[in-house]
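Structure data (PDB, C-alpha atoms) from entry_2.pdb:
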ATOM      1  CA  MET B  26     127.882  24.183 198.408
ATOM      2  CA  ASP B  27     126.895  24.939 201.990
ATOM      3  CA  VAL B  28     130.225  25.190 203.815
ATOM      4  CA  GLN B  29     129.989  25.317 207.582
ATOM      5  CA  PRO B  30     131.784  28.353 209.010
ATOM      6  CA  ASN B  31     134.214  26.403 211.206
ATOM      7  CA  ILE B  32     135.384  23.972 208.535
ATOM      8  CA  PHE B  33     138.734  25.740 208.104
ATOM      9  CA  LYS B  34     139.175  26.474 211.792
ATOM     10  CA  ASP B  35     142.909  26.537 212.654
ATOM     11  CA  ILE B  36     143.894  25.081 209.262
ATOM     12  CA  PRO B  37     147.085  26.718 207.902
ATOM     13  CA  THR B  38     147.714  27.650 204.292
ATOM     14  CA  LYS B  39     150.374  25.939 202.194
ATOM     15  CA  ARG B  40     152.724  28.878 202.778
ATOM     16  CA  GLU B  41     152.279  28.522 206.537
ATOM     17  CA  TYR B  42     152.814  24.746 206.560
ATOM     18  CA  LYS B  43     154.277  23.187 203.425
ATOM     19  CA  GLU B  44     153.163  19.615 204.250
ATOM     20  CA  THR B  45     149.450  20.398 203.960
ATOM     21  CA  THR B  46     147.324  20.626 200.826
ATOM     22  CA  THR B  47     146.490  24.062 199.435
ATOM     23  CA  ILE B  48     143.244  25.815 200.315
ATOM     24  CA  LYS B  49     142.353  25.520 196.611
ATOM     25  CA  PHE B  50     142.745  21.733 196.910
ATOM     26  CA  LYS B  51     140.489  21.644 199.970
ATOM     27  CA  ASN B  52     137.885  23.872 198.335
ATOM     28  CA  ASP B  53     137.877  21.647 195.254
ATOM     29  CA  LEU B  54     137.167  18.662 197.505
ATOM     30  CA  LEU B  55     134.225  20.562 198.955
ATOM     31  CA  ASN B  56     132.910  21.480 195.530
ATOM     32  CA  PHE B  57     133.071  17.876 194.314
ATOM     33  CA  PHE B  58     132.008  15.855 197.339
ATOM     34  CA  ASP B  59     129.587  18.160 199.180
ATOM     35  CA  THR B  60     126.488  16.494 197.711
ATOM     36  CA  ASP B  61     123.765  14.149 198.904
ATOM     37  CA  GLU B  62     125.505  11.324 197.026
ATOM     38  CA  PHE B  63     128.447  11.307 199.442
ATOM     39  CA  LYS B  64     127.069  12.443 202.790
ATOM     40  CA  ASN B  65     126.471   8.857 203.972
ATOM     41  CA  LYS B  66     129.718   7.453 202.550
ATOM     42  CA  LYS B  67     132.884   6.283 204.293
ATOM     43  CA  ILE B  68     136.394   7.449 203.439
ATOM     44  CA  LEU B  69     139.809   5.985 204.252
ATOM     45  CA  GLU B  70     142.664   8.485 204.478
ATOM     46  CA  CYS B  71     146.197   7.108 204.052
ATOM     47  CA  GLY B  72     148.546   9.623 205.650
ATOM     48  CA  THR B  73     147.028  11.821 208.365
ATOM     49  CA  ASN B  74     149.926  14.176 209.024
ATOM     50  CA  HIS B  75     148.486  16.909 211.290
ATOM     51  CA  GLY B  76     144.859  16.335 210.297
ATOM     52  CA  HIS B  77     144.213  19.462 208.225
ATOM     53  CA  THR B  78     142.600  17.693 205.262
ATOM     54  CA  THR B  79     141.127  15.118 207.659
ATOM     55  CA  ARG B  80     139.071  17.950 209.101
ATOM     56  CA  VAL B  81     137.632  18.873 205.718
ATOM     57  CA  LEU B  82     136.814  15.240 204.984
ATOM     58  CA  SER B  83     134.918  14.958 208.277
ATOM     59  CA  PHE B  84     132.431  17.551 207.019
ATOM     60  CA  LEU B  85     131.883  15.725 203.733
ATOM     61  CA  PHE B  86     131.531  12.068 204.734
ATOM     62  CA  ASP B  87     129.627  10.131 207.353
ATOM     63  CA  LYS B  88     132.739   8.367 208.634
ATOM     64  CA  VAL B  89     136.463   9.103 208.257
ATOM     65  CA  THR B  90     139.116   6.485 209.058
ATOM     66  CA  THR B  91     142.613   7.936 208.935
ATOM     67  CA  MET B  92     145.920   6.088 209.248
ATOM     68  CA  ASP B  93     149.392   7.406 209.970
ATOM     69  CA  TRP B  94     152.658   5.746 210.941
ATOM     70  CA  ARG B  95     153.289   7.793 214.074
ATOM     71  CA  GLU B  96     151.279   8.873 217.051
ATOM     72  CA  GLU B  97     153.661  11.677 217.996
ATOM     73  CA  PRO B  98     153.267  14.307 216.785
ATOM     74  CA  ASN B  99     150.975  13.502 213.832
ATOM     75  CA  LEU B 100     147.957  11.695 215.267
ATOM     76  CA  ARG B 101     148.119  13.643 218.517
ATOM     77  CA  MET B 102     148.008  16.952 216.633
ATOM     78  CA  ALA B 103     145.233  15.677 214.355
ATOM     79  CA  ARG B 104     143.120  14.738 217.381
ATOM     80  CA  GLU B 105     143.727  18.137 218.960
ATOM     81  CA  LEU B 106     142.814  20.016 215.793
ATOM     82  CA  ASN B 107     139.665  17.948 215.280
ATOM     83  CA  HIS B 108     138.557  17.667 218.902
ATOM     84  CA  ASP B 109     135.126  18.992 217.880
ATOM     85  CA  ARG B 110     134.593  16.288 215.225
ATOM     86  CA  ASP B 111     133.078  12.974 216.351
ATOM     87  CA  ASN B 112     133.175  10.970 213.107
ATOM     88  CA  ILE B 113     136.939  10.367 212.806
ATOM     89  CA  THR B 114     138.700   7.111 213.710
ATOM     90  CA  TYR B 115     142.496   7.323 214.108
ATOM     91  CA  ILE B 116     144.752   4.325 213.466
ATOM     92  CA  GLN B 117     148.483   4.271 214.085
ATOM     93  CA  LYS B 118     150.018   1.968 211.474
ATOM     94  CA  ASN B 119     152.956   1.767 209.125
ATOM     95  CA  LEU B 120     151.093   1.075 205.874
ATOM     96  CA  TYR B 121     154.067  -0.776 204.422
ATOM     97  CA  GLU B 122     154.573  -3.311 207.184
ATOM     98  CA  GLY B 123     152.157  -6.225 207.298
ATOM     99  CA  GLU B 124     148.489  -6.463 206.407
ATOM    100  CA  TRP B 125     146.158  -3.520 206.921
ATOM    101  CA  ASN B 126     143.583  -5.747 208.651
ATOM    102  CA  LEU B 127     140.627  -3.445 208.092
ATOM    103  CA  GLU B 128     137.352  -5.355 208.089
ATOM    104  CA  GLU B 129     135.086  -2.770 206.468
ATOM    105  CA  LYS B 130     134.767  -1.517 202.907
ATOM    106  CA  PHE B 131     135.089   2.129 201.885
ATOM    107  CA  ASP B 132     133.561   4.357 199.231
ATOM    108  CA  VAL B 133     136.345   6.942 198.932
ATOM    109  CA  PHE B 134     140.118   6.842 199.485
ATOM    110  CA  PHE B 135     142.554   9.697 199.998
ATOM    111  CA  ILE B 136     146.151   8.610 199.334
ATOM    112  CA  ASP B 137     148.749  11.054 200.665
ATOM    113  CA  CYS B 138     151.515   8.989 202.218
ATOM    114  CA  VAL B 139     154.962   8.096 200.816
ATOM    115  CA  HIS B 140     155.222   9.720 197.381
ATOM    116  CA  ASP B 141     157.428   7.377 195.357
ATOM    117  CA  PHE B 142     156.083   5.033 192.694
ATOM    118  CA  ARG B 143     156.410   1.794 194.655
ATOM    119  CA  HIS B 144     154.615   3.042 197.770
ATOM    120  CA  VAL B 145     151.809   4.854 195.947
ATOM    121  CA  TYR B 146     151.210   1.820 193.734
ATOM    122  CA  SER B 147     151.080  -0.365 196.859
ATOM    123  CA  ASP B 148     148.577   2.021 198.470
ATOM    124  CA  ILE B 149     146.353   1.857 195.408
ATOM    125  CA  ILE B 150     146.294  -1.954 195.418
ATOM    126  CA  ASN B 151     145.554  -2.131 199.144
ATOM    127  CA  CYS B 152     142.748   0.406 198.805
ATOM    128  CA  CYS B 153     141.266  -1.423 195.805
ATOM    129  CA  ASN B 154     141.002  -4.504 197.993
ATOM    130  CA  LEU B 155     138.902  -2.472 200.451
ATOM    131  CA  SER B 156     136.683  -0.756 197.907
ATOM    132  CA  ASN B 157     133.016  -1.096 197.236
ATOM    133  CA  LYS B 158     131.878  -1.776 193.672
ATOM    134  CA  GLU B 159     132.172   1.885 192.728
ATOM    135  CA  SER B 160     134.557   4.144 194.602
ATOM    136  CA  TYR B 161     136.646   7.281 194.307
ATOM    137  CA  PHE B 162     140.330   7.942 194.916
ATOM    138  CA  ILE B 163     141.862  11.310 195.800
ATOM    139  CA  PHE B 164     145.579  11.904 195.230
ATOM    140  CA  ASP B 165     147.683  14.818 196.487
ATOM    141  CA  ASP B 166     151.019  15.917 194.963
ATOM    142  CA  TYR B 167     150.131  14.446 191.582
ATOM    143  CA  GLY B 168     151.964  17.185 189.703
ATOM    144  CA  ILE B 169     155.085  17.809 191.756
ATOM    145  CA  GLY B 170     157.339  15.552 189.708
ATOM    146  CA  SER B 171     159.537  13.177 191.617
ATOM    147  CA  TYR B 172     162.697  13.112 193.627
ATOM    148  CA  TYR B 173     162.805   9.373 192.938
ATOM    149  CA  GLN B 174     164.266   7.696 189.872
ATOM    150  CA  GLU B 175     161.291   5.378 189.472
ATOM    151  CA  GLY B 176     158.750   8.184 189.563
ATOM    152  CA  GLY B 177     156.250   9.603 192.053
ATOM    153  CA  VAL B 178     152.485   9.913 192.501
ATOM    154  CA  LYS B 179     151.722  10.737 188.875
ATOM    155  CA  ALA B 180     153.751   7.797 187.582
ATOM    156  CA  ALA B 181     151.943   5.358 189.883
ATOM    157  CA  VAL B 182     148.451   6.699 189.147
ATOM    158  CA  ASP B 183     149.034   6.837 185.397
ATOM    159  CA  LYS B 184     150.516   3.332 185.334
ATOM    160  CA  PHE B 185     147.666   1.804 187.320
ATOM    161  CA  SER B 186     145.145   3.593 185.099
ATOM    162  CA  GLU B 187     146.837   2.202 181.998
ATOM    163  CA  GLU B 188     146.765  -1.329 183.400
ATOM    164  CA  HIS B 189     143.219  -1.340 184.769
ATOM    165  CA  LYS B 190     140.305  -0.192 182.663
ATOM    166  CA  GLY B 191     138.138   0.595 185.690
ATOM    167  CA  PHE B 192     140.520   3.213 187.134
ATOM    168  CA  ASN B 193     140.143   6.607 185.448
ATOM    169  CA  ILE B 194     141.017  10.199 186.311
ATOM    170  CA  ILE B 195     137.830  12.291 186.177
ATOM    171  CA  LYS B 196     138.889  15.618 187.696
ATOM    172  CA  GLU B 197     141.981  17.721 188.365
ATOM    173  CA  ILE B 198     141.980  19.521 191.721
ATOM    174  CA  GLY B 199     144.120  22.033 193.546
ATOM    175  CA  ILE B 200     146.332  24.532 191.787
ATOM    176  CA  SER B 201     147.064  24.011 188.114
ATOM    177  CA  LYS B 202     149.999  22.885 186.038
ATOM    178  CA  GLY B 203     152.672  25.599 185.864
ATOM    179  CA  GLU B 204     151.750  27.207 189.191
ATOM    180  CA  VAL B 205     153.984  27.204 192.264
ATOM    181  CA  ARG B 206     152.296  25.950 195.440
ATOM    182  CA  SER B 207     154.390  27.823 198.005
ATOM    183  CA  VAL B 208     158.060  27.545 197.184
ATOM    184  CA  GLY B 209     159.925  25.437 194.679
ATOM    185  CA  LYS B 210     159.400  24.548 191.055
ATOM    186  CA  PRO B 211     156.168  24.963 189.055
ATOM    187  CA  LEU B 212     153.880  21.946 189.005
ATOM    188  CA  LEU B 213     154.253  19.551 186.076
ATOM    189  CA  ALA B 214     150.541  18.700 186.313
ATOM    190  CA  SER B 215     147.659  19.603 188.630
ATOM    191  CA  GLU B 216     148.268  19.476 192.400
ATOM    192  CA  GLY B 217     145.838  16.598 192.747
ATOM    193  CA  VAL B 218     143.376  14.385 190.889
ATOM    194  CA  ILE B 219     140.169  12.510 191.615
ATOM    195  CA  VAL B 220     139.853   9.017 190.148
ATOM    196  CA  LYS B 221     136.651   7.052 189.709
ATOM    197  CA  TYR B 222     137.072   3.331 190.177
ATOM    198  CA  ASP B 223     134.786   0.484 189.119
ATOM    199  CA  ASN B 224     136.194  -2.694 190.632
ATOM    200  CA  GLU B 225     134.077  -5.210 188.723
ATOM    201  CA  TRP B 226     137.074  -6.023 186.515
ATOM    202  CA  TYR B 227     138.977  -7.056 189.651
ATOM    203  CA  TYR B 228     136.747 -10.042 190.215
ATOM    204  CA  GLU B 229     136.397 -11.193 186.611
TER     205      GLU B 229
END
Please re-express this file's structure in structure tokens.
Amino acid sequence: MDVQPNIFKDIPTKREYKETTTIKFKNDLLNFFDTDEFKNKKILECGTNHGHTTRVLSFLFDKVTTMDWREEPNLRMARELNHDRDNITYIQKNLYEGEWNLEEKFDVFFIDCVHDFRHVYSDIINCCNLSNKESYFIFDDYGIGSYYQEGGVKAAVDKFSEEHKGFNIIKEIGISKGEVRSVGKPLLASEGVIVKYDNEWYYE
């Protein structure tokens, strides 16, 4: 892995800003995706927040498209943080209102938006509709449990994987089950997961 020295420029740790992913999570993304296989690929990020993980993705993929529901402060701060990166497209959109209306297909998806079952499941379906034949999904907060009765990220990912044979977890990323990310309860599973998706079944 040949990490460029400014890849973590101005990116806070989880203890400094609880809404970001851990440095371990970001390093695991680098270790998995920093290969010739992915350098010409396109990724869609659902949930920009302040653009910390967006920055890491911009070093791994040829093109990053990132969507967030509000310009202020999220997209503005993401643009400011990543002012030196020229391969990021920012889209202000509420992902749960209307069609996404994206005309291109993507090779990788990073889902980190609303963390209840219904919204994560919706994100997965919408991303599947935009996927190339073989693609990868990244999920944050897989192991945090849920504040929602119907379940959170893990429930949605596990359910979709059970229902669709082409959607399989291939790697755990971030800090491990039983660890505490910054404050709060220990994780019930890994911080995040990477899923490999073969969408041929979708068109059968």
Target residues per the PyMOL selection byres ((chain B and resi 154-161) around 8), formatted as a list in words:
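Output from the PyMOL selection byres ((chain B and resi 154-161) around 8), applied to this file: Leu127, Glu129, Lys130, Phe131, Asp132, Val133, Phe134, Ile150, Asn151, Cys152, Cys153, Phe162, Ile163, Ile219, Val220, Lys221, Tyr222, Asp223, Asn224 and Glu225 of chain B.
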May I ask for the distance between atom CA of Asn74 of chain B and atom CA of Lys39 of chain B, given in Å to one decimal place?
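Value for the atom CA of Asn74 of chain B-atom CA of Lys39 of chain B distance: 13.6 Å.
The space separating atom CA of Glu122 of chain B from atom CA of Glu97 of chain B comes to 18.5 Å.
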Just say which residues the PyMOL selection byres ((chain B and resi 53) around 10) picks in this file, as a PyMOL selection string.
chain B and resi 47-52+54-59+196-200+217
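Across B:His189, B:His140, B:Lys88, B:Arg206, the tightest approach to Tyr115 of chain B is made by B:Lys88 when counting all atoms listed in the file.
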Result set of the PyMOL selection byres ((chain B and resi 35) around 12) on the coordinates above, as a ChimeraX atom specification
/B:30-34,36-38,41-42,75-78,80-81,102-103,105-108
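With atom CA of Phe185 of chain B on one side and atom CA of Thr73 of chain B on the other, the separation reads 23.3 Å.
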Out of B:Ser171, B:Thr46, B:Asn193, B:Ser186, which residue has the shortest atom-to-atom distance to Leu213 of chain B when counting all atoms listed in the file?
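When distances to Leu213 of chain B are compared using all atoms listed in the file, the smallest one comes from B:Ser171.
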Under the rule that only C-alpha atoms are counted, which of B:Gln117, B:Ser215, B:Ser207, B:Thr60 is the nearest residue to Arg101 of chain B?
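So, comparing all the options, the nearest one is B:Gln117.
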For Met92 of chain B, which residue among B:Asp61, B:Asp183, B:Asp109, B:Asp137 is the nearest when counting only C-alpha atoms?
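Selected residue with least distance to Met92 of chain B: B:Asp137.
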At the level of C-alpha atoms, write segment 41-117 of chain B to a file as a short mmCIF file (atom, residue, chain, number, x, y, z; two decimals), in the first residue's frame, please.
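The file below, decode.cif, is the result:
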data_model
loop_
_atom_site.label_atom_id
_atom_site.label_comp_id
_atom_site.auth_asym_id
_atom_site.auth_seq_id
_atom_site.Cartn_x
_atom_site.Cartn_y
_atom_site.Cartn_z
CA GLU B 41 -12.37 14.22 18.03
CA TYR B 42 -15.52 13.94 15.91
CA LYS B 43 -17.90 11.09 16.72
CA GLU B 44 -19.75 11.21 13.36
CA THR B 45 -16.72 10.12 11.33
CA THR B 46 -15.38 6.61 10.78
CA THR B 47 -12.38 5.47 12.81
CA ILE B 48 -8.86 5.73 11.45
CA LYS B 49 -8.77 1.91 11.57
CA PHE B 50 -11.82 1.86 9.27
CA LYS B 51 -10.15 4.26 6.84
CA ASN B 52 -6.89 2.31 6.88
CA ASP B 53 -8.78 -0.92 6.20
CA LEU B 54 -10.35 0.74 3.15
CA LEU B 55 -6.87 1.64 1.95
CA ASN B 56 -5.58 -1.87 2.51
CA PHE B 57 -8.46 -3.42 0.55
CA PHE B 58 -9.01 -0.99 -2.31
CA ASP B 59 -5.55 0.47 -2.97
CA THR B 60 -4.84 -1.89 -5.88
CA ASP B 61 -4.68 -1.66 -9.66
CA GLU B 62 -8.08 -3.38 -9.81
CA PHE B 63 -9.86 -0.34 -8.36
CA LYS B 64 -7.84 2.68 -9.44
CA ASN B 65 -10.01 3.27 -12.53
CA LYS B 66 -13.32 2.52 -10.80
CA LYS B 67 -16.16 4.83 -9.78
CA ILE B 68 -17.70 4.99 -6.31
CA LEU B 69 -20.99 6.42 -5.07
CA GLU B 70 -21.01 7.62 -1.46
CA CYS B 71 -24.42 7.90 0.24
CA GLY B 72 -23.99 10.30 3.15
CA THR B 73 -21.13 12.80 2.83
CA ASN B 74 -21.26 14.40 6.27
CA HIS B 75 -18.10 16.55 6.47
CA GLY B 76 -16.19 14.65 3.79
CA HIS B 77 -13.60 12.86 5.92
CA THR B 78 -14.07 9.41 4.37
CA THR B 79 -14.82 11.07 1.02
CA ARG B 80 -11.23 12.29 1.07
CA VAL B 81 -9.86 8.79 1.52
CA LEU B 82 -12.07 7.47 -1.27
CA SER B 83 -10.76 10.15 -3.63
CA PHE B 84 -7.28 8.64 -3.36
CA LEU B 85 -8.53 5.13 -4.11
CA PHE B 86 -10.93 5.59 -7.03
CA ASP B 87 -10.90 7.43 -10.32
CA LYS B 88 -14.18 9.22 -9.61
CA VAL B 89 -16.14 9.83 -6.40
CA THR B 90 -19.78 10.95 -6.45
CA THR B 91 -21.04 11.84 -2.99
CA MET B 92 -24.59 12.73 -1.96
CA ASP B 93 -25.86 14.41 1.18
CA TRP B 94 -29.19 15.94 2.15
CA ARG B 95 -27.84 19.35 3.14
CA GLU B 96 -25.47 21.86 1.68
CA GLU B 97 -24.90 23.66 4.97
CA PRO B 98 -22.78 22.70 6.73
CA ASN B 99 -22.08 19.21 5.34
CA LEU B 100 -21.31 19.66 1.65
CA ARG B 101 -19.71 23.05 2.21
CA MET B 102 -17.33 21.59 4.80
CA ALA B 103 -16.61 18.58 2.58
CA ARG B 104 -15.66 20.88 -0.31
CA GLU B 105 -13.42 22.94 1.96
CA LEU B 106 -11.66 19.88 3.37
CA ASN B 107 -11.15 18.39 -0.09
CA HIS B 108 -10.34 21.58 -1.99
CA ASP B 109 -7.15 19.92 -3.28
CA ARG B 110 -9.01 16.92 -4.76
CA ASP B 111 -10.38 17.26 -8.30
CA ASN B 112 -12.18 13.93 -8.73
CA ILE B 113 -15.16 14.48 -6.39
CA THR B 114 -18.68 15.40 -7.52
CA TYR B 115 -21.01 16.72 -4.80
CA ILE B 116 -24.79 16.31 -5.02
CA GLN B 117 -27.26 17.80 -2.58
#
